[in-house]
Amino acid sequence: MKWNWSLKNTKLTIAAITVFASVPAHADFTYTDFSDTSGLTLNGTTIQAGSALRLTNAAYWNSGSVFTTTATALGSLNSFSTYFQFRITNSGGDISDASGPGADGLVFVVQTVSNNVGGSGGSIGYGGINNSVGIEFDTFDNGPGGSFNDPDGNHVGIDINGNIASVATATEPTLFNNGNVWNAWVDYNGATNLLEVRWSQTTNRPFAAQLSSTIDLIDTLGQDTAYLGFTSGTGLAWGNHEILSWEYRDSFSPITTVPEPDTYAMILIGLLGITVLRKTANI
Ligand SMILES: [Ca+2]
Ligand SMILES: [Ca+2]
């Protein structure tokens with residue numbers, strides 16, 4: 001009898017696992033680096049470069065992207081919070097704009113396809129990707145008006161439906177392509193439809209958003225699942241555009257504590273030290 005009872009329970013467990021497995025997509029995820037790119041689809045010029053994802057190389061007319069391979073069900077109220085680190089190195093080429101060598105930047109994208117890439121150059125690998133929202137970190141001034149409508153050669157913009165002419169922009173005085181690590185936070189509150197963007201050269205999340213806009217994410221996507229990722233483009237100017245780490249939460253849950261391996265190491269060393277001291281002192 002006991003065996004039968006166990007078998008029944010096992011069957012129930014298997015049934016439960018089967019039901020659970022059919023729930024669409026993962027929710028929260030973290031890539032502390034990209035030494036393992038499982039779960040991601042690399043498109044165009046994107047390569048794994050050591051522990052980084054290199055979207056474009058320091059070369060003419062590159063266009064690359066990376067997106068989650070599986071569609072993610074957007075969370076409660078379709079909100080999300082994300083944090084990522086990027087770095088742009090070896091900037092060179094055309095210096096016809098006022099922001100020095102290098103182009104064209106990179107874009108964080110929420111969209112409905114996993115394996116596409118937008119246009120190169122000023123389109124930053126994002127131009128033409130419909131049913132999407134993009135947060136561009138634009139490092140080349142393609143000029144005012146027209147299809148680009150750049151305010152300057154170093155700004156952040158919120159883009160809709162593959163239109164690289166942003167609905168809102170904010171200028172950053174320090175060049176994004178200075179070779180340093182930059183930190184970025186994007187939060188979308190589905191209750192208010194408020195999209196907020198923050199960035200810093202430190203891992204301390206700025207208190208106030210530097211850029212925000214109200215958008216209807218579900219209306220824009222046309223569905224309540226999405227592929228998440230990044231795009232980049234180069235043209236007559238270029239740079240290595242790399243994503244170094246990435247955390248995503250499927251709720252409005254701003255990421256304020258950034259795990260740093262060195263911090264964990266210091267805590268561990270501290271605890272070991274205390275243990276040794278207590279044993280030595282016999283307390
Ligand atoms: Ca531009
Ligand atoms: Ca722009």
# chains A, B, ... in the order shown; residues from 1 in each chain; ligands from 1

$ closest_atom_pairs --of "region 114-177 of chain A" --to "region 25-48 of chain A" --cutoff "10 Å" --atoms "only C-alpha atoms" --output "CSV"
residue,atom,partner,partner_atom,distance
A:Ser114,CA,A:Thr41,CA,6.8
A:Asn115,CA,A:Asn43,CA,6.1
A:Asn116,CA,A:Asn43,CA,6.7
A:Val117,CA,A:Gly44,CA,6.6
A:Gly118,CA,A:Gly44,CA,9.5
A:Gly125,CA,A:Gly44,CA,9.2

$ write_last_selection --atoms "N, CA, C and O atoms" --output "short mmCIF file (atom, residue, chain, number, x, y, z; two decimals), in the first residue's frame"
data_model
loop_
_atom_site.label_atom_id
_atom_site.label_comp_id
_atom_site.auth_asym_id
_atom_site.auth_seq_id
_atom_site.Cartn_x
_atom_site.Cartn_y
_atom_site.Cartn_z
N SER A 114 13.57 37.47 -31.58
CA SER A 114 14.83 37.13 -30.91
C SER A 114 16.05 37.27 -31.80
O SER A 114 17.16 37.46 -31.32
N ASN A 115 15.86 37.16 -33.12
CA ASN A 115 17.03 36.96 -33.98
C ASN A 115 17.19 38.01 -35.08
O ASN A 115 17.72 37.73 -36.14
N ASN A 116 16.74 39.22 -34.82
CA ASN A 116 16.88 40.25 -35.85
C ASN A 116 17.90 41.32 -35.43
O ASN A 116 18.28 41.43 -34.28
N VAL A 117 18.34 42.09 -36.41
CA VAL A 117 19.25 43.22 -36.19
C VAL A 117 18.76 44.38 -37.04
O VAL A 117 18.37 44.19 -38.19
N GLY A 118 18.81 45.58 -36.46
CA GLY A 118 18.43 46.75 -37.23
C GLY A 118 19.61 47.27 -38.05
O GLY A 118 20.64 46.61 -38.19
N GLY A 125 21.96 49.63 -34.86
CA GLY A 125 21.48 48.24 -34.81
C GLY A 125 20.03 48.12 -34.38
O GLY A 125 19.50 47.01 -34.25
#

$ residues_near_ligand --ligand "ligand 2" --cutoff "12 Å" --atoms "only C-alpha atoms and all ligand atoms" --output "ChimeraX atom specification"
/A:103-107,121-124,126-127,134-159,162-171

$ write_last_selection --atoms "C-alpha atoms" --output "PDB file, in the first residue's frame"
ATOM      1  CA  ALA A 103      30.307  55.702 -33.092  1.00  0.00           C
ATOM      2  CA  ASP A 104      27.487  54.882 -32.913  1.00  0.00           C
ATOM      3  CA  GLY A 105      26.530  53.625 -29.439  1.00  0.00           C
ATOM      4  CA  LEU A 106      24.276  50.867 -28.180  1.00  0.00           C
ATOM      5  CA  VAL A 107      20.610  50.296 -27.366  1.00  0.00           C
ATOM      6  CA  GLY A 121      25.664  53.359 -38.538  1.00  0.00           C
ATOM      7  CA  GLY A 122      23.373  55.940 -36.979  1.00  0.00           C
ATOM      8  CA  SER A 123      20.597  53.350 -36.705  1.00  0.00           C
ATOM      9  CA  ILE A 124      22.678  51.744 -33.881  1.00  0.00           C
ATOM     10  CA  TYR A 126      17.984  49.273 -33.684  1.00  0.00           C
ATOM     11  CA  GLY A 127      16.528  51.310 -36.548  1.00  0.00           C
ATOM     12  CA  GLY A 134      14.722  51.046 -27.147  1.00  0.00           C
ATOM     13  CA  ILE A 135      16.932  52.977 -24.760  1.00  0.00           C
ATOM     14  CA  GLU A 136      19.759  54.376 -26.894  1.00  0.00           C
ATOM     15  CA  PHE A 137      23.180  55.443 -25.642  1.00  0.00           C
ATOM     16  CA  ASP A 138      24.097  57.462 -28.736  1.00  0.00           C
ATOM     17  CA  THR A 139      27.728  58.511 -29.254  1.00  0.00           C
ATOM     18  CA  PHE A 140      27.596  60.177 -32.695  1.00  0.00           C
ATOM     19  CA  ASP A 141      25.782  63.317 -33.742  1.00  0.00           C
ATOM     20  CA  ASN A 142      23.842  62.535 -36.929  1.00  0.00           C
ATOM     21  CA  GLY A 143      22.373  66.019 -36.829  1.00  0.00           C
ATOM     22  CA  PRO A 144      19.012  67.571 -35.997  1.00  0.00           C
ATOM     23  CA  GLY A 145      15.785  66.737 -37.780  1.00  0.00           C
ATOM     24  CA  GLY A 146      15.279  63.951 -40.280  1.00  0.00           C
ATOM     25  CA  SER A 147      15.241  60.303 -39.313  1.00  0.00           C
ATOM     26  CA  PHE A 148      17.928  60.669 -36.604  1.00  0.00           C
ATOM     27  CA  ASN A 149      17.187  64.021 -34.940  1.00  0.00           C
ATOM     28  CA  ASP A 150      20.187  63.916 -32.606  1.00  0.00           C
ATOM     29  CA  PRO A 151      20.576  66.796 -30.135  1.00  0.00           C
ATOM     30  CA  ASP A 152      24.353  66.183 -29.899  1.00  0.00           C
ATOM     31  CA  GLY A 153      26.986  63.439 -30.032  1.00  0.00           C
ATOM     32  CA  ASN A 154      26.590  61.981 -26.533  1.00  0.00           C
ATOM     33  CA  HIS A 155      23.055  61.446 -25.269  1.00  0.00           C
ATOM     34  CA  VAL A 156      20.531  58.900 -24.041  1.00  0.00           C
ATOM     35  CA  GLY A 157      17.203  58.568 -25.822  1.00  0.00           C
ATOM     36  CA  ILE A 158      13.950  56.645 -25.588  1.00  0.00           C
ATOM     37  CA  ASP A 159      13.012  55.173 -28.972  1.00  0.00           C
ATOM     38  CA  GLY A 162      12.557  51.150 -34.455  1.00  0.00           C
ATOM     39  CA  ASN A 163      12.391  54.904 -34.955  1.00  0.00           C
ATOM     40  CA  ILE A 164      15.841  56.197 -34.041  1.00  0.00           C
ATOM     41  CA  ALA A 165      14.484  59.748 -33.681  1.00  0.00           C
ATOM     42  CA  SER A 166      13.904  59.612 -29.935  1.00  0.00           C
ATOM     43  CA  VAL A 167      10.681  60.653 -28.189  1.00  0.00           C
ATOM     44  CA  ALA A 168      12.816  61.990 -25.309  1.00  0.00           C
ATOM     45  CA  THR A 169      16.551  62.627 -24.886  1.00  0.00           C
ATOM     46  CA  ALA A 170      19.011  63.683 -22.195  1.00  0.00           C
ATOM     47  CA  THR A 171      22.571  64.830 -22.826  1.00  0.00           C
TER      48      THR A 171
END

$ select_by_dssp --residues "region 38-107 of chain A" --states "strand (DSSP E)" --output "number ranges by chain"
A: 40-44, 47-49, 52-56, 63-68, 72-73, 80-93, 105-107

$ write_last_selection --atoms "N, CA, C and O atoms" --output "short mmCIF file (atom, residue, chain, number, x, y, z; two decimals), in the first residue's frame"
data_model
loop_
_atom_site.label_atom_id
_atom_site.label_comp_id
_atom_site.auth_asym_id
_atom_site.auth_seq_id
_atom_site.Cartn_x
_atom_site.Cartn_y
_atom_site.Cartn_z
N LEU A 40 20.87 33.02 -24.65
CA LEU A 40 20.93 34.22 -25.48
C LEU A 40 21.16 33.86 -26.94
O LEU A 40 21.86 32.89 -27.25
N THR A 41 20.59 34.63 -27.84
CA THR A 41 20.81 34.46 -29.27
C THR A 41 21.65 35.63 -29.77
O THR A 41 21.27 36.79 -29.63
N LEU A 42 22.83 35.29 -30.33
CA LEU A 42 23.76 36.31 -30.82
C LEU A 42 23.54 36.50 -32.32
O LEU A 42 23.56 35.54 -33.09
N ASN A 43 23.34 37.74 -32.72
CA ASN A 43 23.01 38.03 -34.12
C ASN A 43 24.00 39.02 -34.74
O ASN A 43 24.60 39.84 -34.04
N GLY A 44 24.11 38.97 -36.08
CA GLY A 44 24.96 39.91 -36.79
C GLY A 44 26.41 39.79 -36.35
O GLY A 44 26.95 38.69 -36.28
N ILE A 47 29.74 38.85 -30.94
CA ILE A 47 30.56 37.70 -30.56
C ILE A 47 30.76 37.70 -29.05
O ILE A 47 30.56 38.72 -28.39
N GLN A 48 31.15 36.53 -28.55
CA GLN A 48 31.58 36.44 -27.16
C GLN A 48 33.06 36.79 -27.15
O GLN A 48 33.87 36.15 -27.83
N ALA A 49 33.43 37.84 -26.42
CA ALA A 49 34.83 38.28 -26.38
C ALA A 49 35.31 38.15 -24.94
O ALA A 49 35.06 39.03 -24.12
N ALA A 52 32.89 39.07 -22.06
CA ALA A 52 31.99 40.15 -22.50
C ALA A 52 31.22 39.74 -23.74
O ALA A 52 31.61 38.82 -24.46
N LEU A 53 30.11 40.42 -23.97
CA LEU A 53 29.39 40.29 -25.23
C LEU A 53 29.77 41.48 -26.08
O LEU A 53 29.48 42.63 -25.72
N ARG A 54 30.46 41.25 -27.19
CA ARG A 54 30.87 42.35 -28.06
C ARG A 54 29.88 42.44 -29.22
O ARG A 54 29.85 41.60 -30.11
N LEU A 55 29.06 43.48 -29.18
CA LEU A 55 27.99 43.64 -30.18
C LEU A 55 28.54 44.07 -31.52
O LEU A 55 28.09 43.60 -32.57
N THR A 56 29.48 45.01 -31.48
CA THR A 56 30.13 45.47 -32.71
C THR A 56 31.62 45.62 -32.45
O THR A 56 32.05 45.86 -31.32
N SER A 63 26.86 45.79 -37.46
CA SER A 63 25.52 45.83 -36.87
C SER A 63 25.31 44.51 -36.14
O SER A 63 25.38 43.45 -36.76
N GLY A 64 25.11 44.59 -34.84
CA GLY A 64 24.97 43.36 -34.07
C GLY A 64 23.91 43.49 -32.99
O GLY A 64 23.54 44.60 -32.58
N SER A 65 23.42 42.34 -32.55
CA SER A 65 22.44 42.35 -31.46
C SER A 65 22.54 41.05 -30.67
O SER A 65 23.12 40.06 -31.12
N VAL A 66 21.98 41.08 -29.49
CA VAL A 66 21.81 39.87 -28.69
C VAL A 66 20.46 39.96 -28.00
O VAL A 66 20.07 41.03 -27.51
N PHE A 67 19.71 38.84 -28.04
CA PHE A 67 18.40 38.82 -27.38
C PHE A 67 18.20 37.50 -26.65
O PHE A 67 18.81 36.48 -27.01
N THR A 68 17.35 37.54 -25.64
CA THR A 68 16.97 36.31 -24.98
C THR A 68 16.38 35.36 -26.03
O THR A 68 15.64 35.79 -26.92
N THR A 72 10.00 36.14 -22.84
CA THR A 72 9.77 36.31 -21.41
C THR A 72 8.38 36.90 -21.20
O THR A 72 8.03 37.90 -21.83
N ALA A 73 7.61 36.25 -20.31
CA ALA A 73 6.31 36.82 -19.95
C ALA A 73 6.58 38.04 -19.08
O ALA A 73 7.27 37.94 -18.08
N PHE A 80 8.94 46.00 -15.30
CA PHE A 80 10.25 45.35 -15.20
C PHE A 80 11.28 46.33 -14.66
O PHE A 80 11.08 47.56 -14.70
N SER A 81 12.37 45.77 -14.15
CA SER A 81 13.54 46.57 -13.76
C SER A 81 14.77 45.84 -14.28
O SER A 81 14.84 44.61 -14.21
N THR A 82 15.71 46.59 -14.79
CA THR A 82 16.93 45.97 -15.28
C THR A 82 18.14 46.85 -15.01
O THR A 82 18.00 48.07 -14.84
N TYR A 83 19.29 46.20 -14.92
CA TYR A 83 20.55 46.90 -14.69
C TYR A 83 21.61 46.22 -15.54
O TYR A 83 21.66 44.99 -15.60
N PHE A 84 22.43 47.01 -16.22
CA PHE A 84 23.51 46.41 -17.01
C PHE A 84 24.73 47.31 -17.02
O PHE A 84 24.65 48.51 -16.71
N GLN A 85 25.86 46.70 -17.35
CA GLN A 85 27.11 47.44 -17.48
C GLN A 85 27.60 47.34 -18.91
O GLN A 85 27.51 46.26 -19.53
N PHE A 86 28.12 48.44 -19.44
CA PHE A 86 28.67 48.41 -20.79
C PHE A 86 29.99 49.17 -20.85
O PHE A 86 30.32 49.97 -19.95
N ARG A 87 30.73 48.92 -21.93
CA ARG A 87 32.02 49.58 -22.13
C ARG A 87 32.28 49.73 -23.63
O ARG A 87 32.01 48.80 -24.39
N ILE A 88 32.75 50.89 -24.02
CA ILE A 88 33.06 51.15 -25.44
C ILE A 88 34.53 51.50 -25.54
O ILE A 88 34.99 52.49 -24.95
N THR A 89 35.28 50.68 -26.28
CA THR A 89 36.73 50.87 -26.39
C THR A 89 37.16 50.99 -27.85
O THR A 89 36.37 50.71 -28.76
N ASN A 90 38.43 51.38 -28.03
CA ASN A 90 39.03 51.49 -29.38
C ASN A 90 38.19 52.36 -30.32
O ASN A 90 38.02 52.03 -31.50
N SER A 91 37.66 53.44 -29.81
CA SER A 91 36.85 54.33 -30.65
C SER A 91 37.74 55.01 -31.68
O SER A 91 38.84 55.47 -31.37
N GLY A 92 37.24 55.06 -32.91
CA GLY A 92 38.04 55.68 -33.97
C GLY A 92 37.19 56.02 -35.17
O GLY A 92 35.97 55.89 -35.15
N GLY A 93 37.88 56.47 -36.23
CA GLY A 93 37.20 56.78 -37.47
C GLY A 93 36.75 58.23 -37.56
O GLY A 93 37.31 59.11 -36.90
N GLY A 105 27.20 53.82 -30.73
CA GLY A 105 26.53 53.63 -29.44
C GLY A 105 25.86 52.27 -29.34
O GLY A 105 26.11 51.37 -30.15
N LEU A 106 25.00 52.13 -28.36
CA LEU A 106 24.28 50.87 -28.18
C LEU A 106 22.89 51.14 -27.62
O LEU A 106 22.63 52.23 -27.11
N VAL A 107 22.02 50.12 -27.73
CA VAL A 107 20.61 50.30 -27.37
C VAL A 107 20.13 49.09 -26.56
O VAL A 107 20.37 47.95 -26.96
#

$ select_by_dssp --residues "region 8-222 of chain A" --states "alpha helix (DSSP H)" --output "PyMOL selection string"
chain A and resi 8-21+217-221

$ residues_around --residues "Thr220 (chain A)" --least-positions-apart "6" --cutoff "12 Å" --atoms "only C-alpha atoms" --output "PyMOL selection string"
chain A and resi 110-112+129-134+159-162+193+214+226

$ write_last_selection --atoms "N, CA and C atoms" --output "compact mmCIF listing (two decimals), in the first residue's frame"
# COMPACT_ATOMS: atom_id res chain seq x y z
N VAL A 110 13.51 46.10 -25.83
CA VAL A 110 12.43 45.17 -25.50
C VAL A 110 11.61 45.04 -26.77
N GLN A 111 11.50 43.82 -27.31
CA GLN A 111 10.82 43.67 -28.61
C GLN A 111 10.18 42.29 -28.75
N THR A 112 9.71 41.94 -29.95
CA THR A 112 8.92 40.72 -30.13
C THR A 112 9.62 39.66 -30.98
N ILE A 129 13.43 48.11 -36.17
CA ILE A 129 12.85 47.01 -35.38
C ILE A 129 11.50 47.47 -34.84
N ASN A 130 10.43 46.99 -35.46
CA ASN A 130 9.09 47.43 -35.10
C ASN A 130 8.61 46.76 -33.81
N ASN A 131 7.50 47.21 -33.27
CA ASN A 131 6.94 46.67 -32.02
C ASN A 131 8.04 46.55 -30.96
N SER A 132 8.63 47.67 -30.63
CA SER A 132 9.75 47.66 -29.69
C SER A 132 9.87 48.98 -28.94
N VAL A 133 10.60 48.89 -27.83
CA VAL A 133 11.03 50.08 -27.11
C VAL A 133 12.55 49.98 -26.96
N GLY A 134 13.26 51.05 -27.26
CA GLY A 134 14.72 51.05 -27.15
C GLY A 134 15.22 52.20 -26.30
N ASP A 159 13.44 55.37 -27.59
CA ASP A 159 13.01 55.17 -28.97
C ASP A 159 11.84 54.19 -29.02
N ILE A 160 10.94 54.40 -29.95
CA ILE A 160 9.76 53.55 -30.10
C ILE A 160 9.71 52.97 -31.51
N ASN A 161 9.39 51.67 -31.59
CA ASN A 161 9.10 51.00 -32.88
C ASN A 161 10.19 51.17 -33.93
N GLY A 162 11.46 51.10 -33.50
CA GLY A 162 12.56 51.15 -34.46
C GLY A 162 12.82 52.52 -35.04
N ASN A 193 2.77 53.43 -16.27
CA ASN A 193 3.35 53.48 -17.62
C ASN A 193 4.60 54.36 -17.69
N THR A 214 6.47 58.52 -20.58
CA THR A 214 5.32 57.65 -20.35
C THR A 214 5.00 56.91 -21.66
N ALA A 226 7.95 39.23 -24.33
CA ALA A 226 8.95 40.04 -25.03
C ALA A 226 10.30 39.34 -25.04

$ residues_around --residues "Thr192 (chain A)" --least-positions-apart "4" --cutoff "12 Å" --atoms "only C-alpha atoms" --output "PyMOL selection string"
chain A and resi 77-79+187-188+196+213-217+252

$ write_last_selection --atoms "N, CA, C and O atoms" --output "CSV table (one decimal), in the first residue's frame"
chain,number,residue,atom,x,y,z
A,77,LEU,N,1.6,43.5,-13.9
A,77,LEU,CA,1.4,44.9,-14.5
A,77,LEU,C,2.3,45.1,-15.6
A,77,LEU,O,2.5,46.3,-16.0
A,78,ASN,N,3.0,44.1,-16.1
A,78,ASN,CA,3.9,44.2,-17.2
A,78,ASN,C,5.1,45.1,-16.9
A,78,ASN,O,5.7,45.8,-17.8
A,79,SER,N,5.4,45.2,-15.6
A,79,SER,CA,6.5,46.0,-15.2
A,79,SER,C,7.8,45.3,-15.3
A,79,SER,O,7.9,44.0,-15.4
A,187,ASP,N,13.9,51.1,-15.6
A,187,ASP,CA,12.7,50.7,-14.8
A,187,ASP,C,11.4,51.1,-15.5
A,187,ASP,O,11.3,52.2,-15.9
A,188,TYR,N,10.5,50.1,-15.6
A,188,TYR,CA,9.2,50.4,-16.2
A,188,TYR,C,8.1,50.0,-15.2
A,188,TYR,O,8.0,48.8,-14.8
A,196,GLU,N,11.7,54.9,-16.8
A,196,GLU,CA,12.8,55.7,-16.2
A,196,GLU,C,14.2,55.1,-16.6
A,196,GLU,O,14.3,53.9,-16.6
A,213,SER,N,9.9,58.8,-19.7
A,213,SER,CA,8.8,59.1,-20.6
A,213,SER,C,7.7,58.1,-20.2
A,213,SER,O,7.9,57.1,-19.7
A,214,THR,N,6.5,58.5,-20.6
A,214,THR,CA,5.3,57.6,-20.4
A,214,THR,C,5.0,56.9,-21.7
A,214,THR,O,4.8,57.5,-22.7
A,215,ILE,N,5.0,55.6,-21.6
A,215,ILE,CA,4.7,54.8,-22.8
A,215,ILE,C,3.8,53.6,-22.4
A,215,ILE,O,3.8,53.2,-21.2
A,216,ASP,N,3.0,53.1,-23.3
A,216,ASP,CA,2.2,51.9,-23.0
A,216,ASP,C,2.9,50.8,-23.7
A,216,ASP,O,2.9,50.6,-24.9
A,217,LEU,N,3.6,50.0,-22.8
A,217,LEU,CA,4.5,48.9,-23.3
A,217,LEU,C,3.7,47.9,-24.1
A,217,LEU,O,4.1,47.4,-25.2
A,252,PHE,N,8.5,45.8,-11.1
A,252,PHE,CA,9.1,47.1,-10.8
A,252,PHE,C,9.8,46.9,-9.5
A,252,PHE,O,9.2,47.0,-8.4

$ closest_residue --among "A:Ala98, A:Ala209, A:Ala191, A:Ala58" --to "ligand 1" --atoms "only C-alpha atoms and all ligand atoms"
A:Ala98

$ residues_around --residues "Gln201 (chain A)" --least-positions-apart "6" --cutoff "9 Å" --atoms "only C-alpha atoms" --output "number ranges by chain"
A: 180-184

$ closest_residue --among "A:Ser200, A:Glu242, A:Asp97, A:Leu228" --to "ligand 1" --atoms "only C-alpha atoms and all ligand atoms"
A:Asp97
